2 protein chains.
Amino acid sequence: MECVLLGTGGMMPMPDRLLTSLAVRLGGSCYLFDAGEGVQLGLKRTHLGVAGLKVVAISHLHADHCLGLPGLLMLRAQIAHPGPLTILGPPGLCDFVRQNHAILQFHINYPIHCVEWQSQEAAVAYQDHQVRILWQPLEHTRFCLGFRLEEPPRPGKFHPERARAMGIPEGPHWGRLQRGEAVSSPSGMCVTPDQVLGPPRRGRHLCYAVDTRPCAGLEMLCREVDLAFVEGMFLPEDGRHADAKGHLTVVEAADVVHRSGARRAVLVHISPRYTAEDLPTLEKAARERFGAAHIGRDFERYPVSFVD
Amino acid sequence: MECVLLGTGGMMPMPDRLLTSLAVRLGGSCYLFDAGEGVQLGLKRTHLGVAGLKVVAISHLHADHCLGLPGLLMLRAQIAHPGPLTILGPPGLCDFVRQNHAILQFHINYPIHCVEWQSQEAAVAYQDHQVRILWQPLEHTRFCLGFRLEEPPRPGKFHPERARAMGIPEGPHWGRLQRGEAVSSPSGMCVTPDQVLGPPRRGRHLCYAVDTRPCAGLEMLCREVDLAFVEGMFLPEDGRHADAKGHLTVVEAADVVHRSGARRAVLVHISPRYTAEDLPTLEKAARERFGAAHIGRDFERYPVSFVD
């Protein structure tokens with residue numbers, strides 16, 4: 001699993017900082033979070049392309065998070081057989097796509113499955129054989145969603161010495177046990193996977209949450225994730241803007257990820273008021289509260305490994 | 001008068017070639033032609049900003065020509081008192097702006113005057129104290145407009161020797177004559193401006209025409225302009241794409257500007273299939289037909305001087 005930042009800015013695209021967007025790559029698929037104006041440029045700069053793009057999750061209907069979607073849909077239609085695309089987001093998102101499609105009349109050669117958040121829905125927004133994506137409302141000036149991407153639990157660790165002790169020699173039976181099947185030993189004894197495997201191990205968990213004040217939904221999304229991509233838009237001394245416009249300072253963000261038990265955090269959606277030279281100052285402020293915080297830079301890649 | 005290319009690409013924004021957009025600067029005002037995704041980046045890279053932006057003319061409702069408009073409107077709302085903005089373009093443009101404004105709920109602090117082309121309308125789309133903008137339908141896969149920007153004629157050249165011969169000595173009377181007023185000589189004779197001025201001199205003329213096949217409208221727009229910004233999307237050997245998709249090859253473009261008596265031409269809306277290394281080849285092909293043709297590069301500036 002690899003996370004690629006296609007941009008790290010908030011509010012408007014800048015020549016040296018594109019709008020915040022996160023691509024998560026896994027098993028040939030790509031799950032994209034947010035698509036502001038110019039998201040295509042990030043995809044091209046990082047050479048990710050759109051061939052594997054399976055899901056686009058949009059946090060909210062402010063332009064800096066969704067205006068790149070029509071261009072992205074068009075870019076994807078350049079591929080011969082791109083397969084279906086799922087779009088997740090707030091109520092109104094499907095209208096936004098439909099209306100722009102109707103007016104701009106662009107060519108789409110694949111089915112689009114557009115799923116809008118509804119209060120009565122379960123927290124699982126999407127699921128395939130590799131991951132599930134959960135969503136939670138956040139607290140912003142518009143209805144805004146945060147997302148959490150989770151792999152299913154992996155089977156526990158296989159203990160060869162236990163298998164041998166139960167009379168199962170190395171061979172195809174070991175594979176069957178590791179895949180969760182019961183087997184018979186040469187002496188006719190039935191051996192079940194739980195007898196030779198450790199407890200199930202957690203898959204990798206990520207979250208992506210931007211454009212919010214600190215809130216319960218944000219903490220739920222960050223809870224014990226391996227890597228949290230969270231907004232850190234302002235320095236604490238500019239906190240009045242965060243408060244007025246429904247954003248997080250780097251210190252508020254660091255506090256939330258720390259309280260939530262996240263392992264690492266990458267702060268994104270940086271205000272255009274800060275230049276590249278200011279980023280170490282933002283990082284320092286965040287790290288005073290959470291040592292594993294980092295200020296994201298465009299096109300950075302973060303491999304996410306299994307912990308155990 | 002200065003022309004600034006904010007981008008020179010067609011179809012999709014590329015990291016090294018933004019979408020075609022032309023800013024014309026004159027007397028503190030800016031007249032912009034086309035606004036595809038990422039047009040903000042071009043405005044920032046060239047340090048033009050949006051303070052002087054008075055008119056945005058959109059050629060047609062394909063995404064690579066208009067999807068940057070919402071972001072541009074938002075950027076302009078960052079200014080305290082930006083003054084009214086005129087948007088010119090094809091039927092459907094006002095709906096495009098209105099619908100995106102309604103869904104994305106962005107803040108606008110200035111009046112927007114949106115003018116759509118109508119068949120019964122005169123060819124003058126816009127006029128202020130400095131310029132007028134004319135429009136003409138072109139031939140593309142969608143209804144597409146080309147534009148021509150014209151300064152009004154300037155007063156003829158003042159001939160001091162004629163004024164002196166009519167008994168008007170150097171002084172405030174010269175200025176009045178140059179501004180078009182009649183004056184009396186000390187001996188009581190009435191002197192009119194036409195007696196001391198040469199014939200009216202043409203103002204500067206430009207055209208911006210992209211996404212079209214060769215057609216009469218295109219020639220009208222280019223007729224004797226000082227500088228023609230015209231699409232040159234393909235090399236002649238890729239002409240089948242130009243024909244199928246309603247575009248111009250560099251050779252077709254060069255032929256049109258040559259026939260139209262344009263003084264200079266800058267070819268834009270380059271296909272993403274060509275890299276920066278291919279551009280000299282495009283330029284060579286164009287120049288074989290029209291020596292004053294140049295392939296535009298992002299962020300280039302072209303001063304336009306008076307000829308006489």
# chains A, B, ... in the order shown; residues from 1 in each chain; ligands from 1

$ interface_residues --of "chain A" --to "chain B" --cutoff "8 Å" --atoms "only C-alpha atoms" --output "PyMOL selection string"
chain A and resi 12-15+37-38+40-41+44-45+61-63+67-68+70-71+75+92+96+99-100+103-106

$ write_last_selection --atoms "C-alpha atoms" --output "PDB file, in the first residue's frame"
ATOM      1  CA  MET A  12      -6.840  27.622  -4.525  1.00  0.00           C
ATOM      2  CA  PRO A  13      -4.247  25.891  -6.683  1.00  0.00           C
ATOM      3  CA  MET A  14      -0.828  27.530  -6.562  1.00  0.00           C
ATOM      4  CA  PRO A  15       2.059  27.039  -9.007  1.00  0.00           C
ATOM      5  CA  GLU A  37      -9.047  22.099  -9.883  1.00  0.00           C
ATOM      6  CA  GLY A  38      -5.839  20.771 -11.427  1.00  0.00           C
ATOM      7  CA  GLN A  40      -5.003  15.970 -13.371  1.00  0.00           C
ATOM      8  CA  LEU A  41      -1.704  17.793 -13.084  1.00  0.00           C
ATOM      9  CA  LYS A  44       0.499  13.360 -14.417  1.00  0.00           C
ATOM     10  CA  ARG A  45       3.369  14.699 -12.319  1.00  0.00           C
ATOM     11  CA  LEU A  61     -18.821  20.618  -2.437  1.00  0.00           C
ATOM     12  CA  HIS A  62     -16.398  23.473  -2.058  1.00  0.00           C
ATOM     13  CA  ALA A  63     -14.674  24.095  -5.363  1.00  0.00           C
ATOM     14  CA  LEU A  67     -13.849  21.131  -9.398  1.00  0.00           C
ATOM     15  CA  GLY A  68     -11.255  18.762 -10.857  1.00  0.00           C
ATOM     16  CA  PRO A  70     -15.150  16.633 -14.504  1.00  0.00           C
ATOM     17  CA  GLY A  71     -11.631  16.785 -15.960  1.00  0.00           C
ATOM     18  CA  LEU A  75      -9.153  11.884 -18.554  1.00  0.00           C
ATOM     19  CA  GLY A  92     -25.501  17.247  -4.245  1.00  0.00           C
ATOM     20  CA  PHE A  96     -22.770  18.458  -9.714  1.00  0.00           C
ATOM     21  CA  GLN A  99     -25.114  19.000 -14.571  1.00  0.00           C
ATOM     22  CA  ASN A 100     -21.542  19.528 -15.683  1.00  0.00           C
ATOM     23  CA  ILE A 103     -23.602  21.201 -20.141  1.00  0.00           C
ATOM     24  CA  LEU A 104     -20.065  20.271 -21.153  1.00  0.00           C
ATOM     25  CA  GLN A 105     -21.208  17.144 -23.032  1.00  0.00           C
ATOM     26  CA  PHE A 106     -18.031  15.227 -22.385  1.00  0.00           C
TER      27      PHE A 106
END

$ select_by_dssp --residues "stretch 216-286 of chain A" --states "alpha helix (DSSP H)" --output "PyMOL selection string"
chain A and resi 216-222+239-245+250-259+279-286

$ select_by_dssp --residues "stretch 142-216 of chain B" --states "strand (DSSP E)" --output "PyMOL selection string"
chain B and resi 145-150+183-184+190-191+205-209

$ atom_distance --atom1 "atom CA of B:Gln178" --atom2 "atom CA of B:Gly28"
23.9 Å

$ residues_around --residues "B:Ala292" --least-positions-apart "4" --cutoff "8 Å" --atoms "only C-alpha atoms" --output "PDB file with C-alpha atoms, in the first residue's frame"
ATOM      1  CA  ARG B 263       0.926  40.761 -39.599  1.00  0.00           C
ATOM      2  CA  ARG B 264       2.034  38.098 -37.099  1.00  0.00           C
ATOM      3  CA  ALA B 265       0.552  34.871 -35.814  1.00  0.00           C
ATOM      4  CA  ARG B 287       6.624  29.025 -41.298  1.00  0.00           C
TER       5      ARG B 287
END

$ closest_residue --among "A:Gln130, A:Gln136, A:Ser305, A:Thr275" --to "A:Cys222" --atoms "only C-alpha atoms"
A:Gln136

$ closest_residue --among "A:Val196, A:Phe147, A:Pro214, A:Ala123" --to "A:His159" --atoms "only C-alpha atoms"
A:Val196

$ atom_distance --atom1 "atom CA of A:Gly232" --atom2 "atom CA of A:Ile295"
8.0 Å

$ residues_around --residues "B:Asp308" --least-positions-apart "3" --cutoff "9 Å" --atoms "only C-alpha atoms" --output "ChimeraX atom specification"
/B:157,201-202,305

$ closest_residue --among "B:Ala35, B:Leu88, B:Val307, B:Leu138" --to "B:Ala216" --atoms "only C-alpha atoms"
B:Leu138

$ atom_distance --atom1 "atom CA of B:Gly52" --atom2 "atom CA of B:Cys30"
5.2 Å

$ residues_around --residues "A:Val55" --least-positions-apart "6" --cutoff "7 Å" --atoms "only C-alpha atoms" --output "ChimeraX atom specification"
/A:31-32,85-87

$ residues_around --residues "A:Arg223" --least-positions-apart "4" --cutoff "12 Å" --atoms "only C-alpha atoms" --output "NGL selection string"
:A and (147-150 or 205-208 or 216-219 or 227-228 or 256-265)

$ residues_around --residues "B:Glu139" --least-positions-apart "4" --cutoff "10 Å" --atoms "only C-alpha atoms" --output "PyMOL selection string"
chain B and resi 143-146+210-218+246-247

$ write_last_selection --atoms "N, CA and C atoms" --output "short mmCIF file (atom, residue, chain, number, x, y, z; two decimals), in the first residue's frame"
data_model
loop_
_atom_site.label_atom_id
_atom_site.label_comp_id
_atom_site.auth_asym_id
_atom_site.auth_seq_id
_atom_site.Cartn_x
_atom_site.Cartn_y
_atom_site.Cartn_z
N PHE B 143 -20.79 24.33 -30.94
CA PHE B 143 -20.85 25.74 -31.31
C PHE B 143 -19.70 26.47 -30.64
N CYS B 144 -18.90 27.15 -31.42
CA CYS B 144 -17.66 27.75 -30.92
C CYS B 144 -17.49 29.14 -31.51
N LEU B 145 -17.05 30.06 -30.68
CA LEU B 145 -16.87 31.45 -31.09
C LEU B 145 -15.39 31.82 -31.17
N GLY B 146 -15.06 32.62 -32.16
CA GLY B 146 -13.75 33.27 -32.19
C GLY B 146 -13.95 34.73 -31.87
N VAL B 210 -9.71 29.59 -31.67
CA VAL B 210 -9.23 28.21 -31.49
C VAL B 210 -10.39 27.24 -31.69
N ASP B 211 -10.07 25.98 -31.85
CA ASP B 211 -11.07 24.92 -32.00
C ASP B 211 -11.98 25.17 -33.18
N THR B 212 -11.39 25.10 -34.35
CA THR B 212 -12.16 25.33 -35.56
C THR B 212 -11.49 24.68 -36.76
N ARG B 213 -12.27 24.40 -37.77
CA ARG B 213 -11.75 24.09 -39.09
C ARG B 213 -11.56 25.43 -39.83
N PRO B 214 -10.85 25.46 -40.94
CA PRO B 214 -10.78 26.72 -41.70
C PRO B 214 -12.20 27.12 -42.11
N CYS B 215 -12.54 28.39 -41.97
CA CYS B 215 -13.89 28.83 -42.32
C CYS B 215 -13.89 30.35 -42.52
N ALA B 216 -14.98 30.84 -43.08
CA ALA B 216 -15.08 32.28 -43.39
C ALA B 216 -14.99 33.11 -42.11
N GLY B 217 -15.64 32.66 -41.05
CA GLY B 217 -15.62 33.41 -39.79
C GLY B 217 -14.19 33.59 -39.29
N LEU B 218 -13.40 32.55 -39.40
CA LEU B 218 -12.00 32.61 -38.96
C LEU B 218 -11.24 33.66 -39.77
N GLY B 246 -12.51 18.65 -35.56
CA GLY B 246 -12.82 20.06 -35.73
C GLY B 246 -11.69 20.99 -35.30
N HIS B 247 -10.46 20.64 -35.67
CA HIS B 247 -9.32 21.47 -35.29
C HIS B 247 -8.51 21.87 -36.53
#
